[in-house]
Amino acid sequence: MQSFPHVTSFAVALIATWTANAAAPTFQKTLISTTQNIHTAEWRMNASDLPSSPAGAQWQITKTTLHGGKQEGVDLITLDNGRLKIRLIPTRGMGVLDATLGEVRLGWDSPIKEIVHPRHMNLESRGGLGWIEGFNEWMARCGLEFAGHPGRDKFITNTGATGEMDLTLHGKIANIPAAEVVVEIDREPPHRLRVRGRVDERVFFGPKLELWAEISTVPGSNEFTLHDRLINRGAAEQEFMLIYHANFGAPLLGAGARVVVPIARVVPFNAHAAKAAARWAAYEAPVTGFVEEVFMLHPIADATGRTTALLHNARSDRGMTMSWLVKELPYLTQWKNTAALADGYVTGLEPGTSFPHNRSWERERGRVAKLKPGETREFKLQFAIQSNAAEVKAAAEKIRALQGDKPPVVETEPEK
Amino acid sequence: MQSFPHVTSFAVALIATWTANAAAPTFQKTLISTTQNIHTAEWRMNASDLPSSPAGAQWQITKTTLHGGKQEGVDLITLDNGRLKIRLIPTRGMGVLDATLGEVRLGWDSPIKEIVHPRHMNLESRGGLGWIEGFNEWMARCGLEFAGHPGRDKFITNTGATGEMDLTLHGKIANIPAAEVVVEIDREPPHRLRVRGRVDERVFFGPKLELWAEISTVPGSNEFTLHDRLINRGAAEQEFMLIYHANFGAPLLGAGARVVVPIARVVPFNAHAAKAAARWAAYEAPVTGFVEEVFMLHPIADATGRTTALLHNARSDRGMTMSWLVKELPYLTQWKNTAALADGYVTGLEPGTSFPHNRSWERERGRVAKLKPGETREFKLQFAIQSNAAEVKAAAEKIRALQGDKPPVVETEPEK
Amino acid sequence: MQSFPHVTSFAVALIATWTANAAAPTFQKTLISTTQNIHTAEWRMNASDLPSSPAGAQWQITKTTLHGGKQEGVDLITLDNGRLKIRLIPTRGMGVLDATLGEVRLGWDSPIKEIVHPRHMNLESRGGLGWIEGFNEWMARCGLEFAGHPGRDKFITNTGATGEMDLTLHGKIANIPAAEVVVEIDREPPHRLRVRGRVDERVFFGPKLELWAEISTVPGSNEFTLHDRLINRGAAEQEFMLIYHANFGAPLLGAGARVVVPIARVVPFNAHAAKAAARWAAYEAPVTGFVEEVFMLHPIADATGRTTALLHNARSDRGMTMSWLVKELPYLTQWKNTAALADGYVTGLEPGTSFPHNRSWERERGRVAKLKPGETREFKLQFAIQSNAAEVKAAAEKIRALQGDKPPVVETEPEK
């Protein structure tokens with residue numbers, strides 16, 4: 001293929017950034033690349049394919065292409081560290097379909113059964129709620145120009161005038177296919193396994209946001225990390241919103257399941273949630289016709305700036321922790337949607353740069369972040385799976401110590 | 001490919017339902033499957049490939065993939081029973097492109113020349129009339145959450161509130177690719193040939209409707225059958241609309257062509273149609289600038305609950321009958337669009353669970369059907385092609401007997 | 001594959017039209033065809049593959065398919081005449097990505113880095129500005145039912161009523177994949193190389209417009225030609241708009257670059273442009289936050305009806321001319337968007353059948369063209385690249401002679 005001068009110059013610079021300090025000590029495989037004109041339909045690699053892997057290493061990375069219905073042409077990568085198996089969807093903005101370790105699955109049973117190719121999505125439909133026609137990931141990023149609820153907000157048109165447009169639920173990023181996808185493996189112990197993808201949200205008169213989304217794990221561990229870099233490639237300061245919409249069904253969610261998180265304040269999202277504020281941390285069994293309850297949580301950081309949320313089952317012997325730097329993601333949204341199993345029994349724990357109100361609302365309250373021209377911001381989230389009561393207990397105690405004697409303020413009225 | 005736990009469990013149950021009572025006596029071939037990750041680009045089978053076929057059987061089933069323009073990647077199945085040839089489009093909701101027997105074609109010459117992949121459709125465009133940019137099938141299903149004219153209607157948002165959304169013309173189902181497609185052939189006489197596809201119309205906060213659309217025919221016959229099953233997979237009662245939008249051009253449609261159908265009442269759809277109510281059953285030659293005339297017909301059922309509509313040409317020597325149970329599809333819409341050939345000279349005969357007004361209008365008049373959680377409803381339509389005057393006469397006499405001495409009431413004002 | 005009776009009859013007629021007077025003397029290769037079910041993923045041909053080519057001929061034509069991200073499945077054709085290299089995008093309405101000759105490139109550095117497949121576009125998004133999410137071609141056609149700014153306009157609905165719809169920026173044609181693409185090479189000198197594609201903009205209740213877009217060049221020349229034919233395939237008179245949106249960045253655009261064009265009158269598009277009317281012909285260096293300035297130019301024709309626009313760099317040693325018949329394209333829009341490089345530093349020179357106001361505005365001023373049923377209109381644009389000061393000077397002098405002593409009237413108020 002002919003090279004694209006205007007694209008290549010741009011891409012070479014970026015690739016150089018990534019490979020410069022890692023070229024020798026890592027194995028790299030490009031699976032998808034617009035700049036190199038690569039799309040790898042099927043690919044598989046395991047520990048024995050890498051000479052430097054220690055004997056007995058069991059990891060495996062698989063790339064496949066899905067077929068049929070709305071799935072036709074969707075890319076799926078399975079990152080199996082030998083103990084923990086993570087499935088990624090480059091075609092859907094590097095979202096994570098699920099992560100499983102033994103009996104514990106991070107994920108949920110969405111009524112959406114296909115992994116929907118963005119070409120079958122229309123975010124404008126249903127009065128801006130089109131996003132929910134493809135929603136079944138464990139972790140979908142919301143953003144980047146806007147996230148949260150649909151509704152009218154101002155923007156700058158091509159003529160420089162302030163126009164109005166209808167924002168759509170949770171923005172576009174989860175329905176943009178990754179332009180570059182690379183597998184990268186450290187040749188040195190602990191041989192960290194990485195999949196990294198670039199997802200561009202670019203508009204001519206609008207944001208030029210570039211997201212490098214990386215997921216990584218160490219062979220044999222019960223942990224994995226999301227490490228994202230968001231870059232403003234435009235010449236002007238740029239607003240952005242980014243919410244990590246992580247969603248949980250069985251086995252963690254169930255009657256008696258609880259979320260444990262060190263927080264200063266709980267604010268109900270609306271009047272409906274306000275009525276249930278007192279029992280925000282506890283979950284009920286599925287209820288047909290249940291209407292979502294959303295709470296806005298203000299997490300407390302430890303001395304290193306880090307906070308941790310734990311979701312555990314009723315018996316407290318299965319759990320999941322997610323931890324992150326509060327300065328990177330200061331707000332945590334809890335979405336309780338304990339509806340009937342057939343309709344989607346699920347809770348979301350969603351660290352974000354904002355809460356999920358419409359951008360106009362979030363902006364008024366100073367919760368819409370900005371990037372200067374050329375500025376990069378990083379977001380790191382660490383996830384771990386607890387497989388027994390001792391692990392759950394240890395995680396809970398650590399969080400309770402951070403909460404200390406001062407219980408959170410639970411507001412009884414929604415934000416105004 | 002890795003299995004999808006949350007998908008597989010669901011799918012296995014369904015497949016079991018279909019195969020349990022048919023496993024041994026039928027030949028089965030899966031052409032498309034999201035649950036098994038199958039997409040068959042090209043496939044062909046004929047009578048000689050099936051050991052149990054009788055000598056001289058001439059049927060053939062072909063699956064191909066279309067290329068170029070908006071057709072790129074569209075699946076097309078040709079079901080040829082040796083006499084009657086039917087072409088199906090799994091990619092467009094299992095719609096039927098056409099059916100031909102000798103000189104008679106069920107189909108029309110739409111100004112839309114490509115079989116448009118849903119990825120090139122935007123149902124929201126043209127003020128909700130986007131559907132017409134892909135409309136060229138002989139039979140397109142309209143529905144399922146809504147069918148009929150665009151316009152505002154209420155719906156329940158994610159927050160449980162009553163919101164409003166703009167419905168789009170004739171809904172989504174004709175632009176959803178089938179997730180599962182199976183060919184099934186009876187090993188025993190009369191060796192019925194079937195193609196069955198599952199089309200899902202699922203929204204997280206909305207309907208969870210599953211349509212199994214089956215078309216079948218017996219080798220050598222002049223008949224075929226649509227046998228659909230619609231299932232509400234959600235936990236709540238669900239409204240739905242389903243209209244079988246069957247469309248006819250030459251050779252059946254022409255100046256002097258007539259529709260013969262036993263009916264109690266004819267109601268013009270609007271004031272424009274009211275002016276032409278008296279001549280509702282007769283067709284004229286193409287007229288440039290002709291504005292569609294739509295009539296709402298209330299069919300009469302025979303002792304078995306069945307009604308039949310006949311469309312025949314001016315010489316009464318070519319015809320088509322469609323028959324169905326009035327309790328399944330109580331309303332018949334007649335769409336007269338005898339415009340210039342270049343603009344689409346066509347009439348629609350459309351049995352449905354409603355008439356094609358906007359859902360809000362249909363709901364007010366009690367014509368929007370509902371399915372209880374888990375409920376299945378079946379729809380069966382039988383089509384036959386008449387190739388000579390004797391066959392047309394026999395069909396017309398049977399219908400006229402059912403109409404009896406009492407002519408239909410022809411309203412001169414549209415419904416209010 | 002089975003033939004499509006209703007499609008084939010239509011197509012055969014068309015192909016016959018094209019081949020009748022050219023069959024023997026030309027080489028023809030069909031790369032994409034909906035009527036013949038052809039999609040050629042990769043193909044290459046050069047002068048040595050054509051027996052009648054003169055010794056030493058260096059031309060080459062390449063067809064490839066792009067991969068990754070939003071580019072997956074996009075067709076790209078490179079037409080290299082041995083000196084001048086032109087890249088076309090059949091998937092994006094036969095748009096031209098760029099044309100390069102030595103150091104001169106016709107093209108620009110859009111912030112949109114991928115060649116976006118129409119399936120990832122939603123023209124309705126951003127309040128009708130969705131078009132700009134895929135905008136990075138050197139030459140994108142705008143039209144055909146409408147071009148120009150978004151906004152409400154009337155149209156005729158399926159019921160014959162006058163409805164209103166929101167037009168979207170610059171219409172659909174740039175995001176419709178070509179249904180037929182043919183390479184054609186003259187066997188006789190000068191062995192002109194042609195790529196021709198058919199792009200259909202057809203709506204059931206709406207326009208039936210068929211565009212044959214042809215680009216051609218002679219081996220070794222510094223020129224190329226666009227020769228389009230637009231046909232109204234509907235039975236009624238049909239409005240249309242067509243703007244050739246040609247866009248330039250470096251090396252032609254830069255501080256001190258100028259446009260030279262013989263014109264009678266310059267009218268600012270809006271109040272913002274009016275403030276800069278005096279310096280309309282000159283370009284500045286990139287300015288962060290620059291707001292586009294648009295001017296509506298009324299070109300002067302020479303004795304043969306032809307006009308020519310020249311864009312040259314600050315040193316007047318690199319340039320580009322485009323010439324066309326004023327009766328075919330009476331209006332020339334100049335779009336000055338000398339924003340920061342990262343945001344898109346670009347100017348558009350856009351001959352059209354109208355200016356780019358919303359269709360309702362253009363119609364009121366008598367600038368919306370019409371085609372009678374079956375009528376064909378042709379549009380021919382000739383482009384040449386100037387590689388040295390002498391060539392630029394010669395082009396400029398010719399234009400200045402046509403302008404003569406009478407300078408253009410420069411309006412200081414926008415059109416009302």
# chains A, B, ... in the order shown; residues from 1 in each chain; ligands from 1
>>> interface_residues(of="chain A", to="chain C", cutoff="7 Å", atoms="only C-alpha atoms", output="number ranges by chain")
A: 1, 6-7, 32-34, 37-39, 119, 124, 159-160, 165-166, 177-179, 202-204, 208, 233-235
>>> write_last_selection(atoms="N, CA and C atoms", output="PDB file, in the first residue's frame")
ATOM      1  N   MET A   1       0.830  -1.205   0.000  1.00  0.00           N
ATOM      2  CA  MET A   1       0.000   0.000   0.000  1.00  0.00           C
ATOM      3  C   MET A   1       0.859   1.247   0.000  1.00  0.00           C
ATOM      4  N   HIS A   6       0.459  12.368   5.164  1.00  0.00           N
ATOM      5  CA  HIS A   6      -0.049  13.171   6.271  1.00  0.00           C
ATOM      6  C   HIS A   6      -0.352  12.324   7.498  1.00  0.00           C
ATOM      7  N   VAL A   7      -0.556  11.058   7.285  1.00  0.00           N
ATOM      8  CA  VAL A   7      -0.835  10.174   8.418  1.00  0.00           C
ATOM      9  C   VAL A   7       0.458   9.640   9.000  1.00  0.00           C
ATOM     10  N   ILE A  32      -3.535  -4.525  14.920  1.00  0.00           N
ATOM     11  CA  ILE A  32      -4.366  -3.625  14.115  1.00  0.00           C
ATOM     12  C   ILE A  32      -3.613  -2.321  13.968  1.00  0.00           C
ATOM     13  N   SER A  33      -3.593  -1.779  12.756  1.00  0.00           N
ATOM     14  CA  SER A  33      -2.916  -0.506  12.569  1.00  0.00           C
ATOM     15  C   SER A  33      -3.429   0.196  11.331  1.00  0.00           C
ATOM     16  N   THR A  34      -3.964   1.376  11.513  1.00  0.00           N
ATOM     17  CA  THR A  34      -4.358   2.168  10.349  1.00  0.00           C
ATOM     18  C   THR A  34      -3.123   2.744   9.661  1.00  0.00           C
ATOM     19  N   ASN A  37      -1.580  -0.194   7.879  1.00  0.00           N
ATOM     20  CA  ASN A  37      -2.591  -0.928   7.099  1.00  0.00           C
ATOM     21  C   ASN A  37      -2.682  -2.404   7.482  1.00  0.00           C
ATOM     22  N   ILE A  38      -2.801  -2.653   8.789  1.00  0.00           N
ATOM     23  CA  ILE A  38      -2.836  -4.022   9.312  1.00  0.00           C
ATOM     24  C   ILE A  38      -4.167  -4.294   9.996  1.00  0.00           C
ATOM     25  N   HIS A  39      -4.777  -5.416   9.643  1.00  0.00           N
ATOM     26  CA  HIS A  39      -5.844  -5.970  10.466  1.00  0.00           C
ATOM     27  C   HIS A  39      -5.641  -7.476  10.537  1.00  0.00           C
ATOM     28  N   ARG A 119     -20.945  -0.061  13.741  1.00  0.00           N
ATOM     29  CA  ARG A 119     -21.669   0.275  12.514  1.00  0.00           C
ATOM     30  C   ARG A 119     -23.164   0.028  12.664  1.00  0.00           C
ATOM     31  N   GLU A 124     -27.719   8.620  18.298  1.00  0.00           N
ATOM     32  CA  GLU A 124     -28.762   9.655  18.298  1.00  0.00           C
ATOM     33  C   GLU A 124     -30.169   9.078  18.509  1.00  0.00           C
ATOM     34  N   THR A 159     -18.780  28.245  12.384  1.00  0.00           N
ATOM     35  CA  THR A 159     -18.715  29.689  12.146  1.00  0.00           C
ATOM     36  C   THR A 159     -18.230  30.438  13.377  1.00  0.00           C
ATOM     37  N   GLY A 160     -17.818  29.700  14.403  1.00  0.00           N
ATOM     38  CA  GLY A 160     -17.352  30.358  15.612  1.00  0.00           C
ATOM     39  C   GLY A 160     -18.474  30.750  16.548  1.00  0.00           C
ATOM     40  N   MET A 165     -26.195  21.672  20.827  1.00  0.00           N
ATOM     41  CA  MET A 165     -26.394  20.342  20.269  1.00  0.00           C
ATOM     42  C   MET A 165     -26.898  19.416  21.359  1.00  0.00           C
ATOM     43  N   ASP A 166     -27.555  18.337  20.921  1.00  0.00           N
ATOM     44  CA  ASP A 166     -28.059  17.354  21.856  1.00  0.00           C
ATOM     45  C   ASP A 166     -26.965  16.343  22.118  1.00  0.00           C
ATOM     46  N   PRO A 177     -13.846   2.254  16.929  1.00  0.00           N
ATOM     47  CA  PRO A 177     -12.866   1.162  16.868  1.00  0.00           C
ATOM     48  C   PRO A 177     -11.439   1.687  17.051  1.00  0.00           C
ATOM     49  N   ALA A 178     -10.636   0.905  17.725  1.00  0.00           N
ATOM     50  CA  ALA A 178      -9.238   1.288  17.938  1.00  0.00           C
ATOM     51  C   ALA A 178      -8.503   1.334  16.605  1.00  0.00           C
ATOM     52  N   ALA A 179      -7.715   2.391  16.414  1.00  0.00           N
ATOM     53  CA  ALA A 179      -6.961   2.585  15.172  1.00  0.00           C
ATOM     54  C   ALA A 179      -5.626   1.847  15.199  1.00  0.00           C
ATOM     55  N   ARG A 202     -11.920  12.455  17.241  1.00  0.00           N
ATOM     56  CA  ARG A 202     -11.496  13.658  16.545  1.00  0.00           C
ATOM     57  C   ARG A 202     -12.631  14.212  15.687  1.00  0.00           C
ATOM     58  N   VAL A 203     -12.812  15.488  15.780  1.00  0.00           N
ATOM     59  CA  VAL A 203     -13.817  16.185  14.987  1.00  0.00           C
ATOM     60  C   VAL A 203     -13.135  17.413  14.410  1.00  0.00           C
ATOM     61  N   PHE A 204     -13.435  17.733  13.174  1.00  0.00           N
ATOM     62  CA  PHE A 204     -12.741  18.858  12.552  1.00  0.00           C
ATOM     63  C   PHE A 204     -12.949  20.145  13.357  1.00  0.00           C
ATOM     64  N   LYS A 208      -9.928  17.090  19.502  1.00  0.00           N
ATOM     65  CA  LYS A 208      -8.931  16.208  18.889  1.00  0.00           C
ATOM     66  C   LYS A 208      -8.323  15.404  20.019  1.00  0.00           C
ATOM     67  N   ARG A 233      -4.734  16.649  21.199  1.00  0.00           N
ATOM     68  CA  ARG A 233      -3.936  16.897  19.991  1.00  0.00           C
ATOM     69  C   ARG A 233      -4.374  18.183  19.281  1.00  0.00           C
ATOM     70  N   GLY A 234      -5.338  18.872  19.854  1.00  0.00           N
ATOM     71  CA  GLY A 234      -5.774  20.128  19.248  1.00  0.00           C
ATOM     72  C   GLY A 234      -4.929  21.296  19.738  1.00  0.00           C
ATOM     73  N   ALA A 235      -5.154  22.436  19.120  1.00  0.00           N
ATOM     74  CA  ALA A 235      -4.371  23.630  19.446  1.00  0.00           C
ATOM     75  C   ALA A 235      -5.048  24.474  20.520  1.00  0.00           C
TER      76      ALA A 235
END
>>> select_by_dssp(residues="range 216-296 of chain C", states="strand (DSSP E)", output="JSON, numbers by chain")
{"C": [216, 217, 223, 224, 225, 226, 227, 228, 229, 230, 231, 232, 238, 239, 240, 241, 242, 243, 244, 245, 246, 247, 248, 258, 259, 260, 263, 264, 265, 266, 267, 268, 293, 294, 295, 296]}
>>> atom_distance(atom1="CA of Thr26 in chain C", atom2="CA of Ser216 in chain C")
13.4 Å
>>> residues_around(residues="Leu349 in chain C", least_positions_apart="3", cutoff="12 Å", atoms="only C-alpha atoms", output="PyMOL selection string")
chain C and resi 106-107+138-140+243-249+253+258-261+281+294-297+308-311+320-323+331-337+346+352+355-356
